[in-house]
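**Q** What follows is my_file.csv; its format and atoms are CSV, C-alpha atoms and all ligand atoms.
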chain,number,residue,atom,x,y,z
A,1,MET,CA,51.1,13.4,14.5
A,2,ASN,CA,48.5,16.0,13.9
A,3,ILE,CA,45.7,13.7,12.7
A,4,ARG,CA,42.4,13.1,14.3
A,5,ARG,CA,42.0,9.4,15.3
A,6,LEU,CA,38.8,7.4,15.0
A,7,VAL,CA,39.5,5.6,18.3
A,8,ASP,CA,39.2,8.9,20.2
A,9,LEU,CA,35.7,9.8,18.8
A,10,ASN,CA,32.3,9.0,20.2
A,11,ILE,CA,30.7,7.4,17.2
A,12,LYS,CA,27.6,5.7,18.8
A,13,ASP,CA,24.6,6.1,16.5
A,14,LYS,CA,26.7,8.1,14.0
A,15,LYS,CA,27.0,7.5,10.3
A,16,VAL,CA,30.6,6.5,9.6
A,17,PHE,CA,32.1,6.3,6.1
A,18,ILE,CA,35.3,4.3,6.0
A,19,ARG,CA,37.5,4.4,3.0
A,20,SER,CA,39.4,1.1,3.0
A,21,ASP,CA,41.8,-0.3,0.5
A,22,LEU,CA,40.1,-3.6,-0.5
A,23,ASN,CA,41.9,-3.7,-3.8
A,24,VAL,CA,42.7,-7.4,-3.7
A,25,PRO,CA,43.9,-9.7,-6.5
A,26,ILE,CA,41.0,-11.7,-7.9
A,27,GLN,CA,41.4,-14.6,-10.4
A,28,ASP,CA,38.3,-16.4,-11.9
A,29,GLY,CA,36.1,-14.7,-9.3
A,30,LYS,CA,38.3,-15.9,-6.4
A,31,ILE,CA,40.4,-13.7,-4.1
A,32,THR,CA,44.0,-14.9,-4.2
A,33,SER,CA,45.3,-12.8,-1.3
A,34,HIS,CA,43.1,-11.7,1.6
A,35,LYS,CA,45.9,-9.6,3.2
A,36,ARG,CA,44.3,-6.2,2.6
A,37,ILE,CA,40.8,-7.3,3.7
A,38,LEU,CA,42.2,-8.8,6.9
A,39,ALA,CA,44.2,-5.6,7.6
A,40,SER,CA,41.0,-3.5,7.1
A,41,ILE,CA,38.9,-5.5,9.6
A,42,PRO,CA,40.1,-3.9,12.9
A,43,THR,CA,38.8,-0.4,11.9
A,44,ILE,CA,35.5,-1.8,10.5
A,45,GLU,CA,34.9,-4.0,13.6
A,46,PHE,CA,35.8,-1.1,15.9
A,47,ALA,CA,33.2,1.1,14.3
A,48,LEU,CA,30.5,-1.6,14.4
A,49,GLN,CA,31.2,-2.5,18.0
A,50,LYS,CA,30.9,1.1,19.1
A,51,GLY,CA,27.4,1.2,17.6
A,52,ALA,CA,27.9,3.2,14.4
A,53,SER,CA,26.2,2.7,11.1
A,54,VAL,CA,29.1,1.7,9.0
A,55,MET,CA,29.6,2.3,5.3
A,56,VAL,CA,32.8,1.0,3.7
A,57,ALA,CA,34.0,2.3,0.3
A,58,SER,CA,36.9,1.0,-1.8
A,59,HIS,CA,38.2,0.8,-5.3
A,60,LEU,CA,39.0,-2.5,-7.0
A,61,GLY,CA,41.3,-2.4,-10.0
A,62,ARG,CA,41.0,0.4,-12.5
A,63,PRO,CA,37.6,0.1,-14.2
A,64,GLU,CA,36.3,2.7,-16.7
A,65,GLU,CA,34.2,5.3,-14.9
A,66,GLY,CA,30.5,5.4,-15.5
A,67,LYS,CA,30.2,1.8,-16.5
A,68,TYR,CA,29.4,-1.2,-14.3
A,69,ASP,CA,31.7,-4.1,-15.0
A,70,SER,CA,31.2,-7.3,-12.9
A,71,ASN,CA,34.9,-8.1,-13.2
A,72,TYR,CA,35.6,-5.1,-10.9
A,73,SER,CA,32.7,-5.6,-8.5
A,74,LEU,CA,33.4,-5.8,-4.8
A,75,LYS,CA,31.0,-8.8,-4.5
A,76,PRO,CA,33.7,-11.4,-3.8
A,77,VAL,CA,35.0,-9.1,-1.0
A,78,VAL,CA,31.5,-8.7,0.4
A,79,ASP,CA,31.1,-12.5,0.4
A,80,PHE,CA,34.3,-12.8,2.4
A,81,PHE,CA,33.0,-10.3,5.0
A,82,LYS,CA,29.7,-12.2,5.1
A,83,ASN,CA,31.6,-15.4,6.0
A,84,HIS,CA,34.1,-13.8,8.5
A,85,LEU,CA,32.2,-11.1,10.4
A,86,LYS,CA,29.4,-11.6,12.8
A,87,TYR,CA,27.7,-8.5,11.6
A,88,PRO,CA,25.0,-8.5,8.8
A,89,THR,CA,26.8,-7.3,5.7
A,90,HIS,CA,25.2,-5.8,2.5
A,91,LEU,CA,26.5,-4.7,-0.9
A,92,VAL,CA,25.0,-1.3,-1.9
A,93,SER,CA,25.2,-1.0,-5.7
A,94,ASP,CA,24.0,2.4,-6.6
A,95,TRP,CA,25.0,4.4,-3.6
A,96,VAL,CA,25.5,7.8,-5.2
A,97,ASN,CA,22.2,8.4,-6.9
A,98,SER,CA,19.7,6.2,-5.0
A,99,PRO,CA,19.1,6.8,-1.4
A,100,PHE,CA,19.7,3.8,0.9
A,101,ASP,CA,19.2,3.2,4.6
A,102,THR,CA,21.8,2.2,7.1
A,103,SER,CA,21.5,1.0,10.7
A,104,PRO,CA,23.9,0.6,13.6
A,105,GLY,CA,25.7,-2.7,13.9
A,106,GLN,CA,25.3,-3.5,10.2
A,107,LEU,CA,27.9,-3.2,7.5
A,108,PHE,CA,27.2,-1.6,4.2
A,109,ILE,CA,29.9,-2.1,1.6
A,110,LEU,CA,29.5,0.4,-1.2
A,111,GLU,CA,30.2,-0.9,-4.7
A,112,ASN,CA,33.6,0.0,-6.3
A,113,CYS,CA,33.9,3.8,-6.0
A,114,ARG,CA,35.8,3.9,-9.3
A,115,PHE,CA,32.6,3.1,-11.2
A,116,ASN,CA,31.5,6.6,-10.2
A,117,ILE,CA,32.1,9.4,-12.7
A,118,GLY,CA,34.4,11.9,-11.2
A,119,GLU,CA,36.0,9.6,-8.6
A,120,LYS,CA,39.5,9.6,-10.1
A,121,HIS,CA,39.6,13.3,-10.8
A,122,ASN,CA,38.4,14.2,-7.3
A,123,ASP,CA,35.2,15.9,-8.7
A,124,GLU,CA,34.0,18.5,-6.2
A,125,VAL,CA,30.3,17.7,-6.6
A,126,LEU,CA,30.9,14.0,-6.2
A,127,ALA,CA,33.1,14.5,-3.2
A,128,LYS,CA,30.4,16.7,-1.6
A,129,LYS,CA,27.8,14.0,-2.3
A,130,TYR,CA,30.0,11.4,-0.6
A,131,ALA,CA,30.4,13.7,2.4
A,132,SER,CA,26.6,14.3,2.7
A,133,LEU,CA,26.2,10.5,3.3
A,134,THR,CA,28.1,10.6,6.6
A,135,ASP,CA,28.8,12.3,10.0
A,136,ILE,CA,32.4,11.1,10.1
A,137,PHE,CA,34.8,10.2,7.3
A,138,VAL,CA,37.5,7.7,8.3
A,139,MET,CA,40.5,7.3,6.0
A,140,ASP,CA,41.9,3.8,6.4
A,141,ALA,CA,43.2,3.1,2.9
A,142,PHE,CA,46.9,3.7,3.4
A,143,GLY,CA,47.5,1.8,0.2
A,144,THR,CA,45.7,4.5,-1.7
A,145,ALA,CA,47.0,7.5,0.4
A,146,HIS,CA,49.0,8.7,-2.6
A,147,ARG,CA,45.9,9.2,-4.7
A,148,LYS,CA,44.0,12.5,-4.7
A,149,GLU,CA,40.6,11.0,-5.5
A,150,ALA,CA,37.0,11.9,-4.4
A,151,SER,CA,36.9,9.0,-1.9
A,152,THR,CA,40.4,9.5,-0.5
A,153,TYR,CA,40.8,13.3,-0.6
A,154,GLY,CA,37.6,15.2,-1.6
A,155,ILE,CA,35.4,13.6,1.0
A,156,ALA,CA,37.9,14.4,3.7
A,157,GLN,CA,37.7,18.1,2.7
A,158,TYR,CA,33.9,18.3,3.0
A,159,ALA,CA,32.9,15.8,5.7
A,160,ASP,CA,32.0,17.3,9.1
A,161,ILE,CA,34.7,15.3,10.7
A,162,ALA,CA,37.7,13.6,9.0
A,163,CYS,CA,39.9,11.2,10.8
A,164,ALA,CA,42.2,8.2,10.4
A,165,GLY,CA,41.5,4.6,11.0
A,166,ILE,CA,43.5,2.0,12.9
A,167,LEU,CA,45.3,0.6,9.9
A,168,PHE,CA,46.2,4.0,8.4
A,169,LEU,CA,47.8,5.1,11.7
A,170,ALA,CA,49.7,1.8,12.2
A,171,GLU,CA,51.1,2.1,8.7
A,172,LEU,CA,52.1,5.7,9.2
A,173,GLU,CA,53.7,5.0,12.6
A,174,ALA,CA,55.8,2.1,11.2
A,175,LEU,CA,57.0,4.2,8.2
A,176,GLU,CA,57.8,7.2,10.5
A,177,LYS,CA,59.7,4.9,12.9
A,178,ALA,CA,61.8,3.5,10.1
A,179,LEU,CA,62.5,6.7,8.2
A,180,LEU,CA,62.2,9.8,10.4
A,181,ASP,CA,64.2,8.7,13.5
A,182,PRO,CA,65.7,5.3,12.7
A,183,LEU,CA,68.0,3.3,15.0
A,184,ARG,CA,71.4,3.0,13.3
A,185,PRO,CA,72.9,1.3,11.4
A,186,MET,CA,70.0,1.8,9.0
A,187,ILE,CA,70.0,-0.3,5.8
A,188,ALA,CA,67.7,-0.4,2.8
A,189,ILE,CA,67.3,-3.3,0.4
A,190,VAL,CA,65.9,-2.2,-2.9
A,191,GLY,CA,65.3,-4.9,-5.5
A,192,GLY,CA,63.0,-5.6,-8.4
A,193,VAL,CA,63.3,-5.4,-12.1
A,194,LYS,CA,63.5,-1.7,-13.2
A,195,ILE,CA,65.8,0.9,-11.8
A,196,SER,CA,63.7,3.7,-13.5
A,197,SER,CA,60.6,3.0,-11.3
A,198,LYS,CA,62.8,3.1,-8.2
A,199,LEU,CA,65.1,5.9,-9.1
A,200,THR,CA,63.8,8.5,-6.7
A,201,ILE,CA,63.6,6.1,-3.8
A,202,LEU,CA,67.2,5.0,-4.4
A,203,ASP,CA,68.3,8.6,-4.6
A,204,THR,CA,66.4,9.6,-1.4
A,205,LEU,CA,67.7,6.5,0.5
A,206,SER,CA,71.3,7.1,-0.5
A,207,ASP,CA,71.1,10.3,1.6
A,208,LYS,CA,69.8,8.5,4.6
A,209,VAL,CA,71.0,4.9,4.9
A,210,ASP,CA,74.3,3.5,6.2
A,211,GLN,CA,74.2,0.7,3.7
A,212,LEU,CA,72.2,0.3,0.5
A,213,ILE,CA,71.7,-3.2,-0.9
A,214,VAL,CA,70.5,-3.4,-4.5
A,215,GLY,CA,69.2,-6.6,-6.0
A,216,GLY,CA,67.4,-8.0,-9.0
A,217,GLY,CA,67.5,-6.2,-12.3
A,218,ILE,CA,68.4,-3.0,-10.4
A,219,ALA,CA,71.7,-4.7,-9.3
A,220,ASN,CA,72.6,-5.3,-12.9
A,221,THR,CA,72.6,-1.6,-13.7
A,222,PHE,CA,74.7,-0.9,-10.6
A,223,ILE,CA,77.2,-3.7,-11.5
A,224,LYS,CA,77.5,-2.2,-14.9
A,225,ALA,CA,78.1,1.2,-13.3
A,226,MET,CA,81.0,-0.4,-11.5
A,227,ASP,CA,82.5,-1.2,-14.9
A,228,LEU,CA,82.0,-4.9,-14.5
A,229,ASP,CA,80.7,-7.1,-17.3
A,230,ILE,CA,77.1,-8.4,-17.0
A,231,GLY,CA,77.0,-10.4,-20.2
A,232,ASN,CA,73.5,-10.5,-21.7
A,233,SER,CA,71.7,-9.4,-18.5
A,234,LYS,CA,68.9,-6.9,-18.7
A,235,TYR,CA,69.8,-3.5,-17.4
A,236,GLU,CA,68.9,0.1,-18.1
A,237,LYS,CA,71.8,1.6,-20.2
A,238,ASP,CA,70.7,5.2,-20.0
A,239,LEU,CA,70.6,5.0,-16.2
A,240,VAL,CA,74.1,3.8,-15.7
A,241,PRO,CA,75.3,7.4,-15.1
A,242,VAL,CA,72.6,7.8,-12.4
A,243,ALA,CA,73.7,4.6,-10.7
A,244,LYS,CA,77.3,5.9,-10.8
A,245,LYS,CA,76.1,9.2,-9.1
A,246,ILE,CA,74.3,7.2,-6.4
A,247,ILE,CA,77.4,5.1,-5.8
A,248,ASP,CA,79.6,8.2,-5.5
A,249,LYS,CA,77.1,9.8,-3.1
A,250,LEU,CA,77.1,6.7,-0.9
A,251,LYS,CA,80.9,6.6,-0.9
A,252,LYS,CA,81.2,10.3,0.0
A,253,ARG,CA,78.9,9.8,3.0
A,254,GLY,CA,80.9,6.7,4.0
A,255,ALA,CA,77.8,4.6,3.4
A,256,LEU,CA,78.4,1.2,1.9
A,257,LEU,CA,77.2,-0.8,-1.0
A,258,PRO,CA,78.1,-4.5,-0.2
A,259,LYS,CA,80.6,-5.9,-2.6
A,260,ILE,CA,79.2,-8.3,-5.3
A,261,SER,CA,81.8,-11.1,-5.8
A,262,ASP,CA,79.8,-14.0,-7.3
A,263,VAL,CA,76.5,-14.3,-9.2
A,264,VAL,CA,74.1,-17.0,-10.4
A,265,CYS,CA,73.6,-17.0,-14.2
A,266,GLY,CA,71.5,-18.7,-16.8
A,267,LYS,CA,71.5,-18.4,-20.6
A,268,LYS,CA,67.7,-17.7,-21.0
A,269,PHE,CA,64.7,-16.6,-19.0
A,270,ASP,CA,63.1,-20.0,-18.5
A,271,ALA,CA,61.6,-21.9,-15.6
A,272,ASN,CA,63.8,-25.0,-16.4
A,273,GLU,CA,67.1,-23.1,-17.1
A,274,THR,CA,70.1,-24.4,-15.3
A,275,ALA,CA,71.6,-22.1,-12.6
A,276,VAL,CA,75.4,-21.7,-12.7
A,277,THR,CA,77.3,-19.8,-10.0
A,278,LYS,CA,80.3,-17.7,-11.3
A,279,ASN,CA,82.7,-15.1,-10.1
A,280,ILE,CA,81.4,-11.8,-11.4
A,281,LYS,CA,84.6,-11.5,-13.5
A,282,ASP,CA,83.8,-14.7,-15.3
A,283,VAL,CA,80.4,-13.8,-16.6
A,284,ASP,CA,80.2,-14.8,-20.3
A,285,LYS,CA,78.7,-12.7,-23.1
A,286,ASP,CA,75.6,-14.8,-23.3
A,287,ASP,CA,75.1,-15.1,-19.5
A,288,MET,CA,72.1,-13.5,-17.7
A,289,ILE,CA,72.5,-12.8,-14.0
A,290,PHE,CA,69.4,-14.0,-12.2
A,291,ASP,CA,70.6,-14.2,-8.6
A,292,LEU,CA,73.5,-13.4,-6.3
A,293,GLY,CA,76.0,-16.1,-5.3
A,294,ARG,CA,76.8,-17.3,-1.7
A,295,GLU,CA,79.9,-15.1,-1.3
A,296,SER,CA,78.0,-11.9,-2.2
A,297,LEU,CA,75.2,-13.0,0.0
A,298,GLY,CA,77.6,-13.5,2.9
A,299,GLU,CA,78.4,-9.7,2.7
A,300,ILE,CA,74.7,-8.9,2.6
A,301,VAL,CA,73.8,-11.1,5.5
A,302,LYS,CA,76.6,-9.4,7.5
A,303,CYS,CA,75.0,-6.0,6.8
A,304,ILE,CA,71.6,-7.3,7.9
A,305,GLN,CA,73.0,-8.8,11.1
A,306,ASN,CA,74.6,-5.5,12.0
A,307,ALA,CA,71.5,-3.4,11.2
A,308,LYS,CA,69.1,-1.9,13.7
A,309,THR,CA,66.6,-0.6,11.1
A,310,ILE,CA,65.9,-2.4,7.8
A,311,ILE,CA,63.7,-1.0,5.0
A,312,TRP,CA,63.0,-3.7,2.4
A,313,ASN,CA,61.4,-3.3,-1.0
A,314,GLY,CA,61.8,-5.9,-3.7
A,315,PRO,CA,63.5,-9.3,-4.1
A,316,ILE,CA,67.2,-9.8,-4.7
A,317,GLY,CA,66.9,-12.4,-7.6
A,318,LEU,CA,64.5,-14.2,-9.8
A,319,PHE,CA,62.8,-15.9,-6.9
A,320,GLU,CA,59.8,-17.1,-8.8
A,321,PHE,CA,62.1,-19.8,-10.3
A,322,ASP,CA,63.4,-22.1,-7.5
A,323,GLN,CA,66.9,-22.5,-8.9
A,324,PHE,CA,67.3,-18.7,-8.7
A,325,ALA,CA,65.5,-18.2,-5.4
A,326,LYS,CA,68.3,-19.0,-3.0
A,327,GLY,CA,69.6,-15.4,-2.8
A,328,THR,CA,66.1,-14.0,-1.9
A,329,GLU,CA,65.6,-16.9,0.5
A,330,ILE,CA,68.9,-16.4,2.4
A,331,MET,CA,68.3,-12.6,2.5
A,332,THR,CA,64.6,-13.0,3.6
A,333,ASN,CA,65.6,-15.4,6.4
A,334,ALA,CA,68.4,-13.1,7.5
A,335,ILE,CA,65.9,-10.3,7.8
A,336,ALA,CA,63.5,-12.5,9.7
A,337,ASN,CA,66.2,-13.6,12.2
A,338,SER,CA,67.5,-10.0,12.7
A,339,VAL,CA,66.8,-8.1,15.9
A,340,ALA,CA,66.4,-4.9,13.8
A,341,PHE,CA,63.1,-3.1,13.2
A,342,SER,CA,62.2,-4.4,9.8
A,343,LEU,CA,59.7,-2.7,7.5
A,344,ALA,CA,58.7,-4.5,4.3
A,345,GLY,CA,56.5,-3.1,1.5
A,346,GLY,CA,55.5,-3.7,-2.1
A,347,GLY,CA,53.8,-6.6,-4.0
A,348,ASP,CA,57.0,-8.6,-4.8
A,349,THR,CA,58.3,-8.3,-1.3
A,350,ILE,CA,55.1,-9.7,0.2
A,351,ALA,CA,55.2,-12.5,-2.3
A,352,ALA,CA,58.7,-13.4,-1.1
A,353,ILE,CA,57.6,-13.2,2.5
A,354,GLU,CA,54.8,-15.6,1.8
A,355,LYS,CA,57.0,-17.9,-0.2
A,356,PHE,CA,59.5,-18.3,2.6
A,357,ASN,CA,56.9,-18.1,5.3
A,358,VAL,CA,58.4,-15.5,7.5
A,359,ALA,CA,55.6,-13.0,7.9
A,360,LYS,CA,55.5,-13.3,11.7
A,361,ASP,CA,59.2,-12.4,12.0
A,362,ILE,CA,59.0,-9.1,10.0
A,363,SER,CA,58.4,-6.2,12.4
A,364,TYR,CA,55.9,-4.5,10.0
A,365,ILE,CA,54.6,-5.5,6.6
A,366,SER,CA,52.9,-2.6,4.8
A,367,THR,CA,49.7,-3.2,2.8
A,368,ALA,CA,50.8,-0.4,0.5
A,369,GLY,CA,52.6,-0.6,-2.8
A,370,GLY,CA,52.8,2.8,-4.6
A,371,ALA,CA,52.0,4.7,-1.4
A,372,PHE,CA,54.8,3.0,0.4
A,373,LEU,CA,57.3,3.9,-2.3
A,374,GLU,CA,56.1,7.5,-2.4
A,375,PHE,CA,56.4,7.9,1.4
A,376,VAL,CA,59.9,6.5,1.4
A,377,GLU,CA,60.7,8.9,-1.5
A,378,GLY,CA,59.9,11.7,0.9
A,379,LYS,CA,56.7,12.8,-0.9
A,380,LYS,CA,53.8,14.2,1.1
A,381,LEU,CA,50.9,11.9,0.5
A,382,PRO,CA,47.6,13.7,-0.3
A,383,ALA,CA,45.6,11.7,2.3
A,384,ILE,CA,48.0,12.7,5.1
A,385,GLU,CA,48.1,16.3,4.0
A,386,ILE,CA,44.3,16.7,4.1
A,387,LEU,CA,43.9,14.8,7.4
A,388,GLU,CA,46.5,17.1,9.0
A,389,ARG,CA,44.7,20.1,7.5
A,390,ARG,CA,41.4,19.0,8.9
A,391,PHE,CA,42.9,18.4,12.4
B,401,LIG,C1,47.5,-0.3,-4.9
B,401,LIG,O1,47.2,-1.5,-5.2
B,401,LIG,O2,48.7,0.1,-4.8
B,401,LIG,C2,46.4,0.6,-4.3
B,401,LIG,O3,45.2,-0.1,-4.1
B,401,LIG,C3,46.2,1.7,-5.3
B,401,LIG,O4,45.7,1.3,-6.5
B,401,LIG,P1,45.9,2.2,-7.8
B,401,LIG,O5,47.4,2.2,-8.2
B,401,LIG,O6,45.0,1.6,-8.9
B,401,LIG,O7,45.5,3.6,-7.5
Could you express the structure from this file as structure tokens?

**A**
Amino acid sequence: MNIRRLVDLNIKDKKVFIRSDLNVPIQDGKITSHKRILASIPTIEFALQKGASVMVASHLGRPEEGKYDSNYSLKPVVDFFKNHLKYPTHLVSDWVNSPFDTSPGQLFILENCRFNIGEKHNDEVLAKKYASLTDIFVMDAFGTAHRKEASTYGIAQYADIACAGILFLAELEALEKALLDPLRPMIAIVGGVKISSKLTILDTLSDKVDQLIVGGGIANTFIKAMDLDIGNSKYEKDLVPVAKKIIDKLKKRGALLPKISDVVCGKKFDANETAVTKNIKDVDKDDMIFDLGRESLGEIVKCIQNAKTIIWNGPIGLFEFDQFAKGTEIMTNAIANSVAFSLAGGGDTIAAIEKFNVAKDISYISTAGGAFLEFVEGKKLPAIEILERRF
């Protein structure tokens, strides 16, 4: 990997600007998942321990540029750091236009970089301004590696030194291990609601994997493409031909799509709806498929047990409602019990991992959503491109 690494640099008494992804969910001023903050700490602590003056920038949500909005302030994140790190921590509000002092062994969190005019569009003047604040730029926000913004890309162009942090490299290593030289059989599980948002990933994976498991709303479109009736289930009609092409491609390569024999249906999308298991051939006109049945899952579990590499993005059923969560639970436990290298990514996937409490049994859980998908799709992520160029 031709990327300079923070851990190889002498950073004592240097000014270090770390771009983390501290974009965490916040409800009523409270952080509801600390995963991304916790994942960012090793790089931040490393820089502090080595005696650097540490600035950390991040976005939070998608605020309007040029306007401070307390709903998007990093203050709750700063409060978390204050309670969990032994280093003095400060929030710097206006860090672009007002000079501020830093000192070694102290942490300076820079207020949401998306308040700055020009951040999103990677404005050159702004990126140069960011670069002038630091001796070393550290890209650690793998979750934002697919964005070409002033704090993720522009600053890396103009800083004297640009390198990658500990989290960024760990994410990259896990993705490369799963995708570039995978142990076989390699399987991918792609679930979620809409096939359209996962079309490229499905297409790319169908060229690579030995078995592709589709779940959730995506499975409905595939079942339809196999000329089976899905009743009143949601699916994407115009994408049925695409699903057919993917199925043909898999068949030609001798790759498998596990057979779906039974499904779990309800009549309406409701938390109290009764779940009824049916043979796929008996689905009624007013049925909606919300999960896979035990027989179908048996096939899927067999695939998981044989696999040496598992890439997992998205749940297999409507796991938010307990009566339709069994499929996702059985599949999640099978992945957790497997000896394969398992790589999981995406918001829903992490929610399923948390619900079934298997985090410690998954080989690597990515903090990235969109960046994870774009990497799996085979796209070159801008942050990787610029770090390689600066090497
Ligand atoms: C994410 O949540 O996927 C990253 O933090 C990127 O956020 P964005 O989609 O708002 O750029």

**Q** Where does stretch 228-342 of chain A meet stretch 373-388 of chain A within 12 Å, residue by residue, with the nearest atom pair and distance in Å to one decimal for each, counting only C-alpha atoms, listed by chain and rising number, as JSON lines?

**A**
{"residue": "A:Ile311", "atom": "CA", "partner": "A:Val376", "partner_atom": "CA", "distance": 9.1}
{"residue": "A:Trp312", "atom": "CA", "partner": "A:Leu373", "partner_atom": "CA", "distance": 10.6}
{"residue": "A:Asn313", "atom": "CA", "partner": "A:Leu373", "partner_atom": "CA", "distance": 8.4}
{"residue": "A:Gly314", "atom": "CA", "partner": "A:Leu373", "partner_atom": "CA", "distance": 10.9}

**Q** Let's have the selection written as an mmCIF file, keeping the file's coordinate frame, with C-alpha atoms.

**A**
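Once everything was written out, this is result.cif:
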data_model
loop_
_atom_site.group_PDB
_atom_site.id
_atom_site.type_symbol
_atom_site.label_atom_id
_atom_site.label_comp_id
_atom_site.auth_asym_id
_atom_site.auth_seq_id
_atom_site.Cartn_x
_atom_site.Cartn_y
_atom_site.Cartn_z
ATOM 1 C CA ILE A 311 63.700 -1.000 5.000
ATOM 2 C CA TRP A 312 63.000 -3.700 2.400
ATOM 3 C CA ASN A 313 61.400 -3.300 -1.000
ATOM 4 C CA GLY A 314 61.800 -5.900 -3.700
#

**Q** May I ask for the distance between atom CA of A:Ser206 and atom CA of A:Ile247, given in Å to one decimal place?

**A**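 Result for atom CA of A:Ser206 versus atom CA of A:Ile247: 8.3 Å, one decimal.
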
**Q** Using only C-alpha atoms and all ligand atoms, determine which residues fall within 6 Å of ligand LIG 401 (chain B), then list them as an mmCIF file with C-alpha atoms, in the coordinates of the input.

**A**
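The result, stored in result.cif:
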data_model
loop_
_atom_site.group_PDB
_atom_site.id
_atom_site.type_symbol
_atom_site.label_atom_id
_atom_site.label_comp_id
_atom_site.auth_asym_id
_atom_site.auth_seq_id
_atom_site.Cartn_x
_atom_site.Cartn_y
_atom_site.Cartn_z
ATOM 1 C CA ASP A 21 41.800 -0.300 0.500
ATOM 2 C CA ASN A 23 41.900 -3.700 -3.800
ATOM 3 C CA GLY A 61 41.300 -2.400 -10.000
ATOM 4 C CA ARG A 62 41.000 0.400 -12.500
ATOM 5 C CA GLY A 143 47.500 1.800 0.200
ATOM 6 C CA THR A 144 45.700 4.500 -1.700
ATOM 7 C CA ALA A 368 50.800 -0.400 0.500
ATOM 8 C CA GLY A 369 52.600 -0.600 -2.800
ATOM 9 C CA GLY A 370 52.800 2.800 -4.600
#

**Q** Taking all atoms listed in the file into account, which of A:Val242, A:Leu202, A:Leu175, A:Ile11 comes nearest A:Leu343?

**A**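 Closest candidate: A:Leu175.
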
**Q** When you draw a straight line from atom CA of A:Pro25 to atom CA of A:Ser53, how long is it in Å?

**A** 27.9 Å

**Q** Set out as CSV a contact list for stretch 17-66 of chain A and stretch 73-91 of chain A with a cut-off of 7 Å, giving each residue of stretch 17-66 of chain A that qualifies its closest atom pair and distance in Å to one decimal, counting only C-alpha atoms, ordered by chain and rising residue number.

**A**
residue,atom,partner,partner_atom,distance
A:Gly29,CA,A:Pro76,CA,6.8
A:Lys30,CA,A:Pro76,CA,6.9
A:Leu60,CA,A:Leu74,CA,6.9

**Q** Could you tell me how far atom CA of A:Met288 sits from atom CA of A:Lys268, in Å to one decimal place?

**A**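 Computing the Euclidean distance for atom CA of A:Lys268 and atom CA of A:Met288 yields 6.9 Å.
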
**Q** Just add N, CA, C and O atoms to stretch 118-127 of chain A and send it as a CSV table (one decimal), in the frame of the given file.

**A**
chain,number,residue,atom,x,y,z
A,118,GLY,N,33.9,10.8,-12.0
A,118,GLY,CA,34.4,11.9,-11.2
A,118,GLY,C,35.3,11.5,-10.0
A,118,GLY,O,36.0,12.3,-9.4
A,119,GLU,N,35.3,10.2,-9.7
A,119,GLU,CA,36.0,9.6,-8.6
A,119,GLU,C,37.5,9.9,-8.8
A,119,GLU,O,38.2,10.5,-7.9
A,120,LYS,N,38.1,9.5,-9.9
A,120,LYS,CA,39.5,9.6,-10.1
A,120,LYS,C,40.0,11.0,-10.1
A,120,LYS,O,41.1,11.3,-9.6
A,121,HIS,N,39.2,11.9,-10.7
A,121,HIS,CA,39.6,13.3,-10.8
A,121,HIS,C,39.2,14.2,-9.6
A,121,HIS,O,39.2,15.4,-9.7
A,122,ASN,N,38.7,13.5,-8.6
A,122,ASN,CA,38.4,14.2,-7.3
A,122,ASN,C,37.3,15.3,-7.6
A,122,ASN,O,37.5,16.5,-7.2
A,123,ASP,N,36.3,14.9,-8.4
A,123,ASP,CA,35.2,15.9,-8.7
A,123,ASP,C,34.6,16.5,-7.4
A,123,ASP,O,34.2,15.7,-6.5
A,124,GLU,N,34.5,17.8,-7.4
A,124,GLU,CA,34.0,18.5,-6.2
A,124,GLU,C,32.6,18.1,-5.8
A,124,GLU,O,32.2,17.8,-4.7
A,125,VAL,N,31.7,18.0,-6.9
A,125,VAL,CA,30.3,17.7,-6.6
A,125,VAL,C,30.2,16.3,-6.1
A,125,VAL,O,29.4,16.0,-5.1
A,126,LEU,N,30.9,15.4,-6.7
A,126,LEU,CA,30.9,14.0,-6.2
A,126,LEU,C,31.4,13.9,-4.8
A,126,LEU,O,30.8,13.2,-3.9
A,127,ALA,N,32.5,14.6,-4.5
A,127,ALA,CA,33.1,14.5,-3.2
A,127,ALA,C,32.1,15.1,-2.1
A,127,ALA,O,31.9,14.5,-1.0
